[in-house]
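Just below is one structure, and these are the notes that go with it.
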Amino acid sequence: MTKMAAEPHSTDIAQSARSTERPVVASYCATFLKPEMLHIYRQITSLTRVSPVVIAQKREETERFPFDKITVVGKPSLHFARRFWFKEIRRAPWQISRGEVDALIHILDQARAQLLHIYFGHIAVHLLPLIRGWTKPSVVSFHGADVMVDLEKPAYRAATKEMLAAVRLVLVRSESLERALIEIGCAPEKIRIQRTGIPVDEIPFRDRVWPSDEAWRFVQACRLIEKKGLKTSLLSFAEFAARYPRSTFTIAGEGPLRSELEERAGELGVGDKVSFAGFVSQTQLRELFYRSHIFLHPRELGTDGNQEGVPNSMLEAMASGLPVFATEHGGIPEAIESGTSGILVKEGDAPALGRALLEAVARPDQLSTIARNGSDSVRQKFGQRAQTQKLEDYYFEAMG
């Protein structure tokens, strides 16, 4: 029987669980946490009616995401051989072994956990034996990209359907993700909308002073990958810069497309106007938002069918008072009413986005109204306090 070793220096979550009468909810995150997973950290650390503990396979960014109620479990010695057997021989998603299930159940029982929350749907598929083997309920949350992982493969689609049938509730960040899961075969009565919580009190609205010298400042913040629509952003910015040559565009984030995007900016003749800031801290990102005039967010469907819910960076930009120009993709239209709280164009339509930008800056009063409406919308629909309360309500529902 294969056993998993707890990290030697991890805090005993059982001891912390016994110190409170609040029900214990265990959150399983394969990696706690990657830099782009700030929304998960906010969600877990804002819980007040339940006592959160975390189980993870790997711990990263400990200074950025401090948390002491955590047990890190190591991968068993046969993990990679087992994974290869599942994926290459059986052509199916790998699943944890009986020994791993027993070890995780021991951790959950020691913590007196009443509920297991598994972050990301494709991770929950790997944990299906645990979901079935543990006597208490589990919930899974989908955040966007995880909805379509490997679902073109029959064995993966079947395993995903089995997982959806086994969990008590399924949490999604947007109505578009809800529709995608129903199409896969999830029972509609299991699904709950649980939107990203934005700490709006930390992001005060500020009126932007539109440039009198035509030096418009654009910003986009995201991972530098295909579905973020960065090539569309560059094309539309190049069209805008042809009319307003003093304009600049800052792209914050890292990813595999960086060198390709830098090359593309040069080909479009805007290499000297586009800066790649790399990964920035939350403080630096907000300062960048307040220095900027327009936020670009032309998300698009990936070639693998990958879509998103309601993106966090877009919501924070809106909260700060940045007018957002985005696309009719995924959950974005659930946050933006085009022409009222932002501007939306069709996916991949760089000429339409360029025209929308040129038309908008010609009417700065309307741009100010859109910025104010966007901020108000985020505060009404995505405030962290309300979303945390809703998540806790779902936890109590799942626990019965």
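Chain identifiers are assigned as A, B, and so on, following the order in which chains appear in the structure tokens; residues are numbered from 1 within each chain, and ligands are numbered from 1 in order of appearance.
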
| query | Residues of segment 28-166 of chain A in strand (DSSP E or B) according to DSSP, as number ranges by chain? | reply | A: 28-32, 51-59, 70-73, 113-119, 138-142

| said: Can you tell me which residues surround segment 361-375 of chain A at a distance of at most 9 Å, considering only C-alpha atoms, apart from same-chain residues fewer than 4 positions away, and format the answer as a ChimeraX atom specification? | reply: /A:205-208,210,216,315-324,335-337,339-343,356-357,379-380

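Counting only C-alpha atoms, Glu397 of chain A has the following residues at most 12 Å away, ignoring those fewer than 4 positions along the same chain: A:Gln114, A:Leu115, A:Pro137, A:Ser138, A:Val139, A:Arg168, A:Leu169, A:Val170, A:Lys190, A:Arg192, A:Lys390, A:Leu391, A:Glu392, A:Asp393.
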
Write out the residues from the selection above, keeping C-alpha atoms, as a compact mmCIF listing (two decimals), in the first residue's frame.
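This is the output file selection-v8.txt:
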```txt
# COMPACT_ATOMS: atom_id res chain seq x y z
CA GLN A 114 -17.07 17.89 7.38
CA LEU A 115 -16.68 18.84 3.72
CA PRO A 137 -19.67 15.13 1.04
CA SER A 138 -17.45 16.81 -1.53
CA VAL A 139 -17.93 19.82 -3.79
CA ARG A 168 -22.69 16.91 -3.78
CA LEU A 169 -22.51 20.35 -5.45
CA VAL A 170 -20.75 21.89 -8.45
CA LYS A 190 -26.34 20.42 -8.59
CA ARG A 192 -24.46 26.82 -8.09
CA LYS A 390 -22.75 32.81 -0.69
CA LEU A 391 -19.92 30.26 -0.75
CA GLU A 392 -20.46 29.51 2.94
CA ASP A 393 -24.18 29.09 2.28
```

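Atom CA of Glu328 of chain A to atom CA of Gly266 of chain A spans 28.0 Å [interatomic distance, one decimal].
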
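For Ser97 of chain A, the residues within 12 Å (counting only C-alpha atoms, excluding itself and residues fewer than 3 positions away along the chain) are A:Met1, A:Thr2, A:Lys3, A:Met4, A:Lys75, A:Pro76, A:Ser77, A:Leu78, A:His79, A:Ala81, A:Arg82, A:Arg83, A:Phe86, A:Trp94, A:Glu100, A:Val101, A:Asp102, A:Ala103, A:Leu104, A:His126, A:Leu127, A:Leu128, A:Pro129, A:Leu130, A:Gly133.
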
Using only C-alpha atoms, which residues sit within 8 Å of segment 20-29 of chain A once same-chain residues fewer than 3 positions away are excluded, as an mmCIF file with all heavy atoms, in the first residue's frame?
```
data_model
loop_
_atom_site.group_PDB
_atom_site.id
_atom_site.type_symbol
_atom_site.label_atom_id
_atom_site.label_comp_id
_atom_site.auth_asym_id
_atom_site.auth_seq_id
_atom_site.Cartn_x
_atom_site.Cartn_y
_atom_site.Cartn_z
ATOM 1 N N SER A 16 -5.464 22.607 14.824
ATOM 2 C CA SER A 16 -6.153 23.872 14.582
ATOM 3 C C SER A 16 -7.649 23.650 14.427
ATOM 4 O O SER A 16 -8.453 24.499 14.796
ATOM 5 C CB SER A 16 -5.594 24.547 13.332
ATOM 6 O OG SER A 16 -5.797 23.748 12.191
ATOM 7 N N ALA A 17 -8.047 22.500 13.861
ATOM 8 C CA ALA A 17 -9.470 22.231 13.675
ATOM 9 C C ALA A 17 -10.184 22.051 15.003
ATOM 10 O O ALA A 17 -11.339 22.429 15.158
ATOM 11 C CB ALA A 17 -9.644 20.989 12.800
ATOM 12 N N PHE A 32 -0.549 24.988 -3.876
ATOM 13 C CA PHE A 32 -0.994 26.112 -3.064
ATOM 14 C C PHE A 32 0.191 27.082 -2.907
ATOM 15 O O PHE A 32 1.077 26.835 -2.131
ATOM 16 C CB PHE A 32 -1.454 25.623 -1.700
ATOM 17 C CG PHE A 32 -2.139 26.678 -0.871
ATOM 18 C CD1 PHE A 32 -3.496 26.899 -0.987
ATOM 19 C CD2 PHE A 32 -1.423 27.473 0.011
ATOM 20 C CE1 PHE A 32 -4.141 27.863 -0.226
ATOM 21 C CE2 PHE A 32 -2.052 28.444 0.769
ATOM 22 C CZ PHE A 32 -3.421 28.634 0.648
ATOM 23 N N LEU A 33 0.209 28.159 -3.652
ATOM 24 C CA LEU A 33 -0.638 28.519 -4.766
ATOM 25 C C LEU A 33 0.239 29.081 -5.858
ATOM 26 O O LEU A 33 1.311 29.627 -5.581
ATOM 27 C CB LEU A 33 -1.646 29.598 -4.365
ATOM 28 C CG LEU A 33 -2.854 29.179 -3.542
ATOM 29 C CD1 LEU A 33 -3.479 30.374 -2.860
ATOM 30 C CD2 LEU A 33 -3.876 28.466 -4.386
ATOM 31 N N ILE A 44 -10.379 31.418 0.351
ATOM 32 C CA ILE A 44 -10.159 30.586 1.530
ATOM 33 C C ILE A 44 -9.954 31.437 2.777
ATOM 34 O O ILE A 44 -10.517 31.155 3.845
ATOM 35 C CB ILE A 44 -8.951 29.656 1.297
ATOM 36 C CG1 ILE A 44 -9.298 28.613 0.218
ATOM 37 C CG2 ILE A 44 -8.525 28.970 2.592
ATOM 38 C CD1 ILE A 44 -8.121 27.752 -0.209
ATOM 39 N N ARG A 49 -17.535 31.629 8.708
ATOM 40 C CA ARG A 49 -18.513 30.739 9.340
ATOM 41 C C ARG A 49 -18.081 29.284 9.322
ATOM 42 O O ARG A 49 -18.711 28.438 9.950
ATOM 43 C CB ARG A 49 -19.878 30.879 8.664
ATOM 44 C CG ARG A 49 -20.557 32.216 8.966
ATOM 45 C CD ARG A 49 -21.975 32.227 8.428
ATOM 46 N NE ARG A 49 -22.000 32.381 6.979
ATOM 47 C CZ ARG A 49 -22.983 31.959 6.191
ATOM 48 N NH1 ARG A 49 -24.026 31.311 6.727
ATOM 49 N NH2 ARG A 49 -22.946 32.169 4.883
ATOM 50 N N VAL A 50 -17.023 28.988 8.609
ATOM 51 C CA VAL A 50 -16.420 27.660 8.644
ATOM 52 C C VAL A 50 -14.930 27.831 8.905
ATOM 53 O O VAL A 50 -14.376 28.911 8.730
ATOM 54 C CB VAL A 50 -16.637 26.891 7.319
ATOM 55 C CG1 VAL A 50 -18.121 26.726 7.031
ATOM 56 C CG2 VAL A 50 -15.940 27.588 6.156
ATOM 57 N N SER A 51 -14.304 26.756 9.338
ATOM 58 C CA SER A 51 -12.872 26.789 9.615
ATOM 59 C C SER A 51 -12.133 26.131 8.450
ATOM 60 O O SER A 51 -12.259 24.922 8.234
ATOM 61 C CB SER A 51 -12.565 26.050 10.914
ATOM 62 O OG SER A 51 -11.183 26.072 11.194
ATOM 63 N N PRO A 52 -11.376 26.899 7.670
ATOM 64 C CA PRO A 52 -10.718 26.323 6.494
ATOM 65 C C PRO A 52 -9.377 25.676 6.824
ATOM 66 O O PRO A 52 -8.595 26.196 7.613
ATOM 67 C CB PRO A 52 -10.529 27.533 5.582
ATOM 68 C CG PRO A 52 -10.353 28.680 6.530
ATOM 69 C CD PRO A 52 -11.201 28.364 7.737
ATOM 70 N N VAL A 53 -9.136 24.534 6.205
ATOM 71 C CA VAL A 53 -7.819 23.912 6.194
ATOM 72 C C VAL A 53 -7.508 23.564 4.739
ATOM 73 O O VAL A 53 -8.405 23.499 3.905
ATOM 74 C CB VAL A 53 -7.743 22.649 7.087
ATOM 75 C CG1 VAL A 53 -8.056 22.993 8.533
ATOM 76 C CG2 VAL A 53 -8.697 21.565 6.575
ATOM 77 N N VAL A 54 -6.248 23.359 4.451
ATOM 78 C CA VAL A 54 -5.830 23.109 3.073
ATOM 79 C C VAL A 54 -5.002 21.835 3.001
ATOM 80 O O VAL A 54 -4.169 21.563 3.874
ATOM 81 C CB VAL A 54 -5.012 24.299 2.525
ATOM 82 C CG1 VAL A 54 -4.334 23.947 1.202
ATOM 83 C CG2 VAL A 54 -5.901 25.525 2.349
ATOM 84 N N ILE A 55 -5.249 21.068 1.940
ATOM 85 C CA ILE A 55 -4.411 19.929 1.593
ATOM 86 C C ILE A 55 -3.842 20.205 0.205
ATOM 87 O O ILE A 55 -4.584 20.581 -0.708
ATOM 88 C CB ILE A 55 -5.220 18.617 1.579
ATOM 89 C CG1 ILE A 55 -5.853 18.360 2.957
ATOM 90 C CG2 ILE A 55 -4.335 17.439 1.182
ATOM 91 C CD1 ILE A 55 -6.829 17.193 2.965
ATOM 92 N N ALA A 56 -2.540 20.058 0.044
ATOM 93 C CA ALA A 56 -1.911 20.347 -1.242
ATOM 94 C C ALA A 56 -0.808 19.334 -1.517
ATOM 95 O O ALA A 56 -0.253 18.729 -0.598
ATOM 96 C CB ALA A 56 -1.336 21.759 -1.247
ATOM 97 N N GLN A 57 -0.516 19.144 -2.791
ATOM 98 C CA GLN A 57 0.622 18.313 -3.171
ATOM 99 C C GLN A 57 1.921 19.091 -3.161
ATOM 100 O O GLN A 57 2.991 18.522 -2.975
ATOM 101 C CB GLN A 57 0.401 17.725 -4.570
ATOM 102 C CG GLN A 57 -0.544 16.554 -4.620
ATOM 103 C CD GLN A 57 -0.486 15.847 -5.959
ATOM 104 O OE1 GLN A 57 -0.173 16.455 -6.982
ATOM 105 N NE2 GLN A 57 -0.784 14.559 -5.969
ATOM 106 N N LEU A 108 -8.092 13.967 6.458
ATOM 107 C CA LEU A 108 -9.416 14.585 6.605
ATOM 108 C C LEU A 108 -10.033 14.250 7.962
ATOM 109 O O LEU A 108 -10.625 15.112 8.623
ATOM 110 C CB LEU A 108 -10.340 14.120 5.478
ATOM 111 C CG LEU A 108 -9.992 14.639 4.078
ATOM 112 C CD1 LEU A 108 -10.780 13.876 3.019
ATOM 113 C CD2 LEU A 108 -10.287 16.132 3.972
ATOM 114 N N ALA A 111 -8.382 16.124 10.762
ATOM 115 C CA ALA A 111 -8.801 17.527 10.771
ATOM 116 C C ALA A 111 -10.256 17.690 11.180
ATOM 117 O O ALA A 111 -10.717 18.815 11.360
ATOM 118 C CB ALA A 111 -8.599 18.131 9.385
ATOM 119 N N ARG A 112 -10.970 16.563 11.309
ATOM 120 C CA ARG A 112 -12.411 16.584 11.591
ATOM 121 C C ARG A 112 -13.175 17.346 10.502
ATOM 122 O O ARG A 112 -14.140 18.073 10.787
ATOM 123 C CB ARG A 112 -12.701 17.182 12.972
ATOM 124 C CG ARG A 112 -12.094 16.390 14.118
ATOM 125 C CD ARG A 112 -12.487 16.969 15.455
ATOM 126 N NE ARG A 112 -11.940 16.197 16.555
ATOM 127 C CZ ARG A 112 -12.120 16.476 17.827
ATOM 128 N NH1 ARG A 112 -12.827 17.550 18.172
ATOM 129 N NH2 ARG A 112 -11.606 15.730 18.773
ATOM 130 N N ALA A 113 -12.738 17.178 9.300
ATOM 131 C CA ALA A 113 -13.371 17.869 8.179
ATOM 132 C C ALA A 113 -14.779 17.336 7.950
ATOM 133 O O ALA A 113 -15.019 16.128 8.007
ATOM 134 C CB ALA A 113 -12.531 17.695 6.923
ATOM 135 N N GLN A 114 -15.688 18.239 7.684
ATOM 136 C CA GLN A 114 -17.068 17.892 7.381
ATOM 137 C C GLN A 114 -17.365 17.988 5.885
ATOM 138 O O GLN A 114 -18.403 17.513 5.429
ATOM 139 C CB GLN A 114 -18.019 18.829 8.140
ATOM 140 C CG GLN A 114 -17.895 18.744 9.647
ATOM 141 C CD GLN A 114 -18.239 17.337 10.144
ATOM 142 O OE1 GLN A 114 -19.298 16.807 9.833
ATOM 143 N NE2 GLN A 114 -17.327 16.748 10.903
ATOM 144 N N LEU A 115 -16.461 18.627 5.141
ATOM 145 C CA LEU A 115 -16.684 18.836 3.721
ATOM 146 C C LEU A 115 -15.332 18.969 3.033
ATOM 147 O O LEU A 115 -14.395 19.543 3.594
ATOM 148 C CB LEU A 115 -17.510 20.111 3.490
ATOM 149 C CG LEU A 115 -17.857 20.474 2.041
ATOM 150 C CD1 LEU A 115 -18.901 19.511 1.490
ATOM 151 C CD2 LEU A 115 -18.363 21.907 1.952
ATOM 152 N N LEU A 116 -15.246 18.444 1.803
ATOM 153 C CA LEU A 116 -14.037 18.588 0.994
ATOM 154 C C LEU A 116 -14.383 19.428 -0.233
ATOM 155 O O LEU A 116 -15.300 19.097 -0.992
ATOM 156 C CB LEU A 116 -13.531 17.216 0.545
ATOM 157 C CG LEU A 116 -12.351 17.209 -0.436
ATOM 158 C CD1 LEU A 116 -11.122 17.832 0.195
ATOM 159 C CD2 LEU A 116 -12.053 15.786 -0.914
ATOM 160 N N HIS A 117 -13.657 20.538 -0.413
ATOM 161 C CA HIS A 117 -13.822 21.399 -1.580
ATOM 162 C C HIS A 117 -12.611 21.189 -2.471
ATOM 163 O O HIS A 117 -11.488 21.547 -2.102
ATOM 164 C CB HIS A 117 -13.942 22.861 -1.152
ATOM 165 C CG HIS A 117 -14.073 23.808 -2.303
ATOM 166 N ND1 HIS A 117 -14.332 25.154 -2.126
ATOM 167 C CD2 HIS A 117 -13.999 23.635 -3.656
ATOM 168 C CE1 HIS A 117 -14.411 25.752 -3.306
ATOM 169 N NE2 HIS A 117 -14.194 24.855 -4.245
ATOM 170 N N ILE A 118 -12.829 20.633 -3.656
ATOM 171 C CA ILE A 118 -11.746 20.373 -4.602
ATOM 172 C C ILE A 118 -11.723 21.496 -5.627
ATOM 173 O O ILE A 118 -12.724 21.740 -6.320
ATOM 174 C CB ILE A 118 -11.928 19.021 -5.304
ATOM 175 C CG1 ILE A 118 -12.015 17.901 -4.262
ATOM 176 C CG2 ILE A 118 -10.773 18.758 -6.266
ATOM 177 C CD1 ILE A 118 -12.434 16.564 -4.843
ATOM 178 N N TYR A 119 -10.601 22.175 -5.710
ATOM 179 C CA TYR A 119 -10.450 23.257 -6.672
ATOM 180 C C TYR A 119 -10.007 22.696 -8.029
ATOM 181 O O TYR A 119 -9.022 21.964 -8.107
ATOM 182 C CB TYR A 119 -9.441 24.283 -6.173
ATOM 183 C CG TYR A 119 -10.051 25.245 -5.168
ATOM 184 C CD1 TYR A 119 -10.041 24.970 -3.807
ATOM 185 C CD2 TYR A 119 -10.677 26.413 -5.592
ATOM 186 C CE1 TYR A 119 -10.614 25.841 -2.896
ATOM 187 C CE2 TYR A 119 -11.248 27.290 -4.687
ATOM 188 C CZ TYR A 119 -11.219 26.999 -3.344
ATOM 189 O OH TYR A 119 -11.803 27.864 -2.437
#
```

| message | Can you pull out the residues contacting Gln220 of chain A? Cut-off 9 Å, using only C-alpha atoms, and skip same-chain residues under 4 positions away; I want them as number ranges by chain. | response | A: 230, 233, 249-253, 294-297, 313-314

Write out, as a PDB file, in the first residue's frame, the residues just selected, with N, CA, C and O atoms.
```pdb
ATOM      1  N   LEU A 230      -4.249  38.502 -26.873  1.00  0.00           N
ATOM      2  CA  LEU A 230      -3.220  39.545 -26.906  1.00  0.00           C
ATOM      3  C   LEU A 230      -2.859  39.963 -28.332  1.00  0.00           C
ATOM      4  O   LEU A 230      -2.520  41.128 -28.576  1.00  0.00           O
ATOM      5  N   SER A 233      -5.348  42.428 -29.220  1.00  0.00           N
ATOM      6  CA  SER A 233      -5.036  43.687 -28.533  1.00  0.00           C
ATOM      7  C   SER A 233      -3.991  44.478 -29.298  1.00  0.00           C
ATOM      8  O   SER A 233      -4.123  45.693 -29.499  1.00  0.00           O
ATOM      9  N   PHE A 249       1.046  51.219 -24.594  1.00  0.00           N
ATOM     10  CA  PHE A 249       0.311  50.011 -24.193  1.00  0.00           C
ATOM     11  C   PHE A 249       1.225  49.183 -23.298  1.00  0.00           C
ATOM     12  O   PHE A 249       2.311  48.770 -23.716  1.00  0.00           O
ATOM     13  N   THR A 250       0.796  48.951 -22.043  1.00  0.00           N
ATOM     14  CA  THR A 250       1.556  48.129 -21.100  1.00  0.00           C
ATOM     15  C   THR A 250       0.864  46.787 -20.934  1.00  0.00           C
ATOM     16  O   THR A 250      -0.338  46.733 -20.637  1.00  0.00           O
ATOM     17  N   ILE A 251       1.620  45.710 -21.107  1.00  0.00           N
ATOM     18  CA  ILE A 251       1.102  44.356 -20.918  1.00  0.00           C
ATOM     19  C   ILE A 251       1.769  43.770 -19.680  1.00  0.00           C
ATOM     20  O   ILE A 251       2.995  43.598 -19.646  1.00  0.00           O
ATOM     21  N   ALA A 252       0.974  43.496 -18.652  1.00  0.00           N
ATOM     22  CA  ALA A 252       1.491  42.946 -17.394  1.00  0.00           C
ATOM     23  C   ALA A 252       1.199  41.454 -17.346  1.00  0.00           C
ATOM     24  O   ALA A 252       0.046  41.039 -17.527  1.00  0.00           O
ATOM     25  N   GLY A 253       2.228  40.674 -17.099  1.00  0.00           N
ATOM     26  CA  GLY A 253       2.042  39.225 -17.017  1.00  0.00           C
ATOM     27  C   GLY A 253       3.174  38.495 -17.708  1.00  0.00           C
ATOM     28  O   GLY A 253       3.957  39.077 -18.458  1.00  0.00           O
ATOM     29  N   ILE A 294      -7.366  53.111 -20.305  1.00  0.00           N
ATOM     30  CA  ILE A 294      -8.233  52.101 -20.913  1.00  0.00           C
ATOM     31  C   ILE A 294      -7.651  50.718 -20.660  1.00  0.00           C
ATOM     32  O   ILE A 294      -6.441  50.501 -20.786  1.00  0.00           O
ATOM     33  N   PHE A 295      -8.528  49.772 -20.312  1.00  0.00           N
ATOM     34  CA  PHE A 295      -8.138  48.382 -20.083  1.00  0.00           C
ATOM     35  C   PHE A 295      -8.643  47.529 -21.241  1.00  0.00           C
ATOM     36  O   PHE A 295      -9.833  47.555 -21.563  1.00  0.00           O
ATOM     37  N   LEU A 296      -7.751  46.787 -21.867  1.00  0.00           N
ATOM     38  CA  LEU A 296      -8.122  45.888 -22.966  1.00  0.00           C
ATOM     39  C   LEU A 296      -8.245  44.453 -22.453  1.00  0.00           C
ATOM     40  O   LEU A 296      -7.438  44.006 -21.629  1.00  0.00           O
ATOM     41  N   HIS A 297      -9.249  43.761 -22.969  1.00  0.00           N
ATOM     42  CA  HIS A 297      -9.463  42.392 -22.503  1.00  0.00           C
ATOM     43  C   HIS A 297     -10.191  41.560 -23.566  1.00  0.00           C
ATOM     44  O   HIS A 297     -11.257  41.001 -23.312  1.00  0.00           O
ATOM     45  N   SER A 313      -8.767  40.078 -13.327  1.00  0.00           N
ATOM     46  CA  SER A 313      -8.066  41.325 -13.631  1.00  0.00           C
ATOM     47  C   SER A 313      -9.021  42.341 -14.249  1.00  0.00           C
ATOM     48  O   SER A 313      -8.924  43.540 -13.971  1.00  0.00           O
ATOM     49  N   MET A 314      -9.950  41.862 -15.066  1.00  0.00           N
ATOM     50  CA  MET A 314     -10.928  42.755 -15.675  1.00  0.00           C
ATOM     51  C   MET A 314     -11.822  43.394 -14.609  1.00  0.00           C
ATOM     52  O   MET A 314     -12.089  44.601 -14.637  1.00  0.00           O
TER      53      MET A 314
END
```

| query | Can you list, as a PyMOL selection string, every protein, DNA or RNA residue that comes within 7 Å of Leu344 of chain A when you count only C-alpha atoms, leaving out same-chain residues fewer than 5 positions away? | reply | chain A and resi 325-328+338

Would you mind exporting the chosen residues as an mmCIF file, in the first residue's frame, restricted to N, CA, C and O atoms?
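Contents of result.cif, as written:
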```cif
data_model
loop_
_atom_site.group_PDB
_atom_site.id
_atom_site.type_symbol
_atom_site.label_atom_id
_atom_site.label_comp_id
_atom_site.auth_asym_id
_atom_site.auth_seq_id
_atom_site.Cartn_x
_atom_site.Cartn_y
_atom_site.Cartn_z
ATOM 1 N N PHE A 325 -12.603 47.474 -22.500
ATOM 2 C CA PHE A 325 -12.975 47.092 -23.855
ATOM 3 C C PHE A 325 -12.633 45.612 -23.995
ATOM 4 O O PHE A 325 -11.459 45.230 -23.928
ATOM 5 N N ALA A 326 -13.662 44.795 -24.184
ATOM 6 C CA ALA A 326 -13.476 43.346 -24.137
ATOM 7 C C ALA A 326 -14.285 42.680 -25.251
ATOM 8 O O ALA A 326 -14.747 43.337 -26.185
ATOM 9 N N THR A 327 -14.471 41.361 -25.125
ATOM 10 C CA THR A 327 -15.173 40.590 -26.152
ATOM 11 C C THR A 327 -16.353 39.830 -25.546
ATOM 12 O O THR A 327 -16.420 39.615 -24.337
ATOM 13 N N GLU A 328 -17.236 39.405 -26.426
ATOM 14 C CA GLU A 328 -18.416 38.632 -26.018
ATOM 15 C C GLU A 328 -18.007 37.174 -25.819
ATOM 16 O O GLU A 328 -18.410 36.285 -26.566
ATOM 17 N N SER A 338 -22.674 46.004 -22.721
ATOM 18 C CA SER A 338 -21.959 46.792 -23.714
ATOM 19 C C SER A 338 -22.637 48.128 -23.960
ATOM 20 O O SER A 338 -23.850 48.211 -24.147
#
```

| said: One decimal, in Å: what's the spacing between atom CA of Arg355 of chain A and atom CA of Arg258 of chain A? | reply: 25.8 Å
